[in-house]
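Undergrad: Provided herewith is a single structure, encoded as structure tokens, for subsequent inquiry.
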Amino acid sequence: MRKKNAPGRLFDRIDNPSLSDAAVIQIEELILSGVLRENDMLPGERELAEQMGISRPKVRQALQQLSEDGLVNIVAKDGVYIAKLGGDIMSPALIALYNRSPSAIRDNLEYRREKEGFAARLAANRATTRDRDELQEILAEMQAADQEGNPERASELDLTLHHSIVFAAHNRTLTHMMTGLYSLNKSTLFYNRNEVLDISTVSDDLFQQHEAIVNAICKAQPSEAEKAAQQHIDYILKLIETEFERRHRESISDKKYVPRTP
């Protein structure tokens with residue numbers, strides 16, 4: 001979920017309009033920090049020129065340089081988009097292999113447990129007022145989705161919240177690594193909480209866990225935030241393992257009662 005920009009400027013004015021390099025550096029920094037993401041469309045040339053306080057030819061020159069560097073794609077009669085910057089985490093063949101192995105989900109959650117605990121701890125120390133407001137807004141939307149009985153929306157907001165926590169950690173490497181991981185999670189490779197979990201019985205628990213993480217971040221309590229994030233992943237992992245065990249038992253039972261030829 002990408003919210004609309006609040007009133008204000010995304011780009012800062014450039015004092016020396018003769019330096020298109022300054023515009024390049026500014027856009028590069030927004031990409032590096034995760035503010036501008038893959039497939040984001042940049043404002044039009046005129047708006048960029050106005051926000052930065054430079055001429056349109058200088059903006060055009062800067063965009064051309066960014067295009068040559070592989071950071072943006074200039075689409076004729078359409079606009080300028082942030083290019084795909086991260087490679088695919090897995091090949092299609094490996095994804096298919098993972099799909100045949102339930103242990104892949106456990107590996108995924110094991111990795112997420114450490115990284116998300118780290119992200120929550122950093123966010124508790126580094127989150128800005130805007131970051132904290134964003135987390136609270138997403139949490140409120142999650143609660144509303146649960147109350148409305150909209151599990152698809154709640155699942156989407158679940159991933160959005162985790163992504164926003166990572167962004168609030170303000171660690172560039174973590175932001176880009178986890179963006180790639182969450183993109184993988186959005187595929188059908190890893191668990192869809194609506195398919196694997198009984199949402200009717202666990203939605204309240206999941207919301208309370210997310211609430212605990214956000215509250216600890218907003219109260220600047222790094223240890224509590226890290227612990228809450230890790231306990232949340234532990235809870236999901238336990239539920240998923242229980243569900244996989246149930247499915248395995250049913251599979252064995254079904255085979256037991258397959259009619260045999262005398």
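The chains in the structure tokens are called A, B, ... from first to last as shown; in each chain the residues are counted from 1, and the ligands are counted from 1 in the order shown.
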Apply DSSP to the backbone of this structure and, from region 61-178 of chain A, keep only the residues in helix (DSSP H, G or I); write these as number ranges by chain.
TA: A: 61-68, 92-99, 103-126, 129-147, 151-168, 172-178
Undergrad: Next, dump the selected residues to file, keeping only C-alpha atoms, as an mmCIF file, in the first residue's frame.
TA:
data_model
loop_
_atom_site.group_PDB
_atom_site.id
_atom_site.type_symbol
_atom_site.label_atom_id
_atom_site.label_comp_id
_atom_site.auth_asym_id
_atom_site.auth_seq_id
_atom_site.Cartn_x
_atom_site.Cartn_y
_atom_site.Cartn_z
ATOM 1 C CA GLN A 61 19.565 15.822 -18.615
ATOM 2 C CA ALA A 62 19.385 14.321 -15.135
ATOM 3 C CA LEU A 63 16.733 11.784 -16.149
ATOM 4 C CA GLN A 64 18.784 10.781 -19.161
ATOM 5 C CA GLN A 65 21.779 10.155 -16.910
ATOM 6 C CA LEU A 66 19.660 8.069 -14.533
ATOM 7 C CA SER A 67 18.361 6.091 -17.508
ATOM 8 C CA GLU A 68 21.884 5.420 -18.747
ATOM 9 C CA PRO A 92 11.034 -20.387 -11.438
ATOM 10 C CA ALA A 93 12.481 -23.889 -11.152
ATOM 11 C CA LEU A 94 13.602 -23.307 -7.575
ATOM 12 C CA ILE A 95 10.237 -21.769 -6.674
ATOM 13 C CA ALA A 96 8.523 -24.890 -8.010
ATOM 14 C CA LEU A 97 10.854 -27.022 -5.905
ATOM 15 C CA TYR A 98 10.069 -24.958 -2.815
ATOM 16 C CA ASN A 99 6.370 -25.359 -3.507
ATOM 17 C CA SER A 103 9.931 -27.012 5.079
ATOM 18 C CA ALA A 104 10.464 -23.989 2.805
ATOM 19 C CA ILE A 105 7.874 -22.089 4.807
ATOM 20 C CA ARG A 106 9.673 -22.915 8.038
ATOM 21 C CA ASP A 107 12.962 -21.725 6.553
ATOM 22 C CA ASN A 108 11.317 -18.523 5.360
ATOM 23 C CA LEU A 109 9.812 -17.762 8.770
ATOM 24 C CA GLU A 110 13.038 -18.650 10.554
ATOM 25 C CA TYR A 111 14.842 -16.042 8.452
ATOM 26 C CA ARG A 112 12.067 -13.486 8.876
ATOM 27 C CA ARG A 113 12.101 -13.963 12.658
ATOM 28 C CA GLU A 114 15.632 -12.646 12.950
ATOM 29 C CA LYS A 115 15.362 -9.893 10.369
ATOM 30 C CA GLU A 116 11.996 -8.605 11.555
ATOM 31 C CA GLY A 117 13.102 -8.628 15.171
ATOM 32 C CA PHE A 118 16.134 -6.597 14.106
ATOM 33 C CA ALA A 119 13.932 -4.243 12.083
ATOM 34 C CA ALA A 120 11.516 -3.682 14.973
ATOM 35 C CA ARG A 121 14.404 -2.916 17.326
ATOM 36 C CA LEU A 122 15.890 -0.383 14.921
ATOM 37 C CA ALA A 123 12.460 1.138 14.245
ATOM 38 C CA ALA A 124 11.901 1.678 17.968
ATOM 39 C CA ASN A 125 15.108 3.717 18.018
ATOM 40 C CA ARG A 126 14.817 5.463 14.644
ATOM 41 C CA THR A 129 6.771 10.885 13.862
ATOM 42 C CA ARG A 130 5.525 10.254 10.329
ATOM 43 C CA ASP A 131 6.698 6.630 10.509
ATOM 44 C CA ARG A 132 4.843 6.069 13.771
ATOM 45 C CA ASP A 133 1.688 7.702 12.433
ATOM 46 C CA GLU A 134 1.843 5.440 9.374
ATOM 47 C CA LEU A 135 2.137 2.314 11.521
ATOM 48 C CA GLN A 136 -0.829 3.375 13.637
ATOM 49 C CA GLU A 137 -2.915 4.072 10.524
ATOM 50 C CA ILE A 138 -2.167 0.659 9.026
ATOM 51 C CA LEU A 139 -2.985 -1.006 12.347
ATOM 52 C CA ALA A 140 -6.355 0.770 12.449
ATOM 53 C CA GLU A 141 -7.083 -0.357 8.891
ATOM 54 C CA MET A 142 -6.190 -3.938 9.827
ATOM 55 C CA GLN A 143 -8.628 -3.843 12.732
ATOM 56 C CA ALA A 144 -11.362 -2.462 10.495
ATOM 57 C CA ALA A 145 -10.738 -5.175 7.896
ATOM 58 C CA ASP A 146 -11.017 -7.871 10.565
ATOM 59 C CA GLN A 147 -14.231 -6.380 11.922
ATOM 60 C CA PRO A 151 -9.578 -11.477 5.328
ATOM 61 C CA GLU A 152 -8.061 -10.662 1.934
ATOM 62 C CA ARG A 153 -7.670 -7.003 2.865
ATOM 63 C CA ALA A 154 -6.389 -7.909 6.333
ATOM 64 C CA SER A 155 -3.765 -10.199 4.781
ATOM 65 C CA GLU A 156 -2.643 -7.444 2.410
ATOM 66 C CA LEU A 157 -2.360 -4.976 5.294
ATOM 67 C CA ASP A 158 -0.431 -7.554 7.321
ATOM 68 C CA LEU A 159 2.382 -7.539 4.762
ATOM 69 C CA THR A 160 2.143 -3.758 4.372
ATOM 70 C CA LEU A 161 2.626 -3.309 8.116
ATOM 71 C CA HIS A 162 5.729 -5.494 8.179
ATOM 72 C CA HIS A 163 7.123 -3.612 5.191
ATOM 73 C CA SER A 164 6.475 -0.269 6.901
ATOM 74 C CA ILE A 165 8.245 -1.433 10.044
ATOM 75 C CA VAL A 166 11.293 -2.298 7.942
ATOM 76 C CA PHE A 167 11.173 1.126 6.308
ATOM 77 C CA ALA A 168 10.912 2.762 9.763
ATOM 78 C CA ARG A 172 19.065 0.843 3.487
ATOM 79 C CA THR A 173 20.400 -2.689 3.134
ATOM 80 C CA LEU A 174 17.612 -4.097 5.295
ATOM 81 C CA THR A 175 15.007 -2.151 3.318
ATOM 82 C CA HIS A 176 16.087 -3.546 -0.051
ATOM 83 C CA MET A 177 16.692 -7.101 1.191
ATOM 84 C CA MET A 178 13.297 -7.332 2.868
#
Undergrad: Check the smallest atom-to-atom distance from each of A:Asp40, A:Glu45, A:Asp69, A:Glu241 to Glu28 (chain A) using only C-alpha atoms, then report the winner.
TA: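 Among the listed residues, the smallest separation from Glu28 (chain A) belongs to A:Asp69.
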Undergrad: Phe11 (chain A): which residues within 12 Å, counting only C-alpha atoms, same-chain residues fewer than 5 positions away excluded, as a list in words?
TA: Asn5, Ala22, Ala23, Val24, Ile25, Gln26, Ile27, Glu28, Glu29, Leu30, Val35, Leu36, Leu42, Pro43, Glu47, Leu48, Ala49, Glu50, Gln51, Met52, Gly53 and Ile54 of chain A
Undergrad: Could those selected residues go to a file with C-alpha atoms, as a compact mmCIF listing (two decimals), in the first residue's frame?
TA:
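The resulting again26.txt:
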# COMPACT_ATOMS: atom_id res chain seq x y z
CA ASN A 5 2.20 12.03 -0.53
CA ALA A 22 22.59 17.54 -8.04
CA ALA A 23 19.22 16.32 -9.33
CA VAL A 24 20.72 12.93 -10.14
CA ILE A 25 22.20 12.62 -6.65
CA GLN A 26 18.91 13.57 -5.03
CA ILE A 27 16.91 10.97 -6.95
CA GLU A 28 19.59 8.36 -6.33
CA GLU A 29 19.35 9.00 -2.59
CA LEU A 30 15.56 8.57 -2.64
CA VAL A 35 11.43 6.20 -0.70
CA LEU A 36 11.28 5.63 -4.45
CA LEU A 42 8.28 10.10 -11.14
CA PRO A 43 6.45 13.43 -11.39
CA GLU A 47 6.74 19.39 -11.81
CA LEU A 48 10.23 18.07 -11.14
CA ALA A 49 11.68 21.33 -12.43
CA GLU A 50 9.38 23.35 -10.17
CA GLN A 51 10.07 21.27 -7.05
CA MET A 52 13.81 21.29 -7.56
CA GLY A 53 13.97 24.86 -8.76
CA ILE A 54 15.95 24.05 -11.89
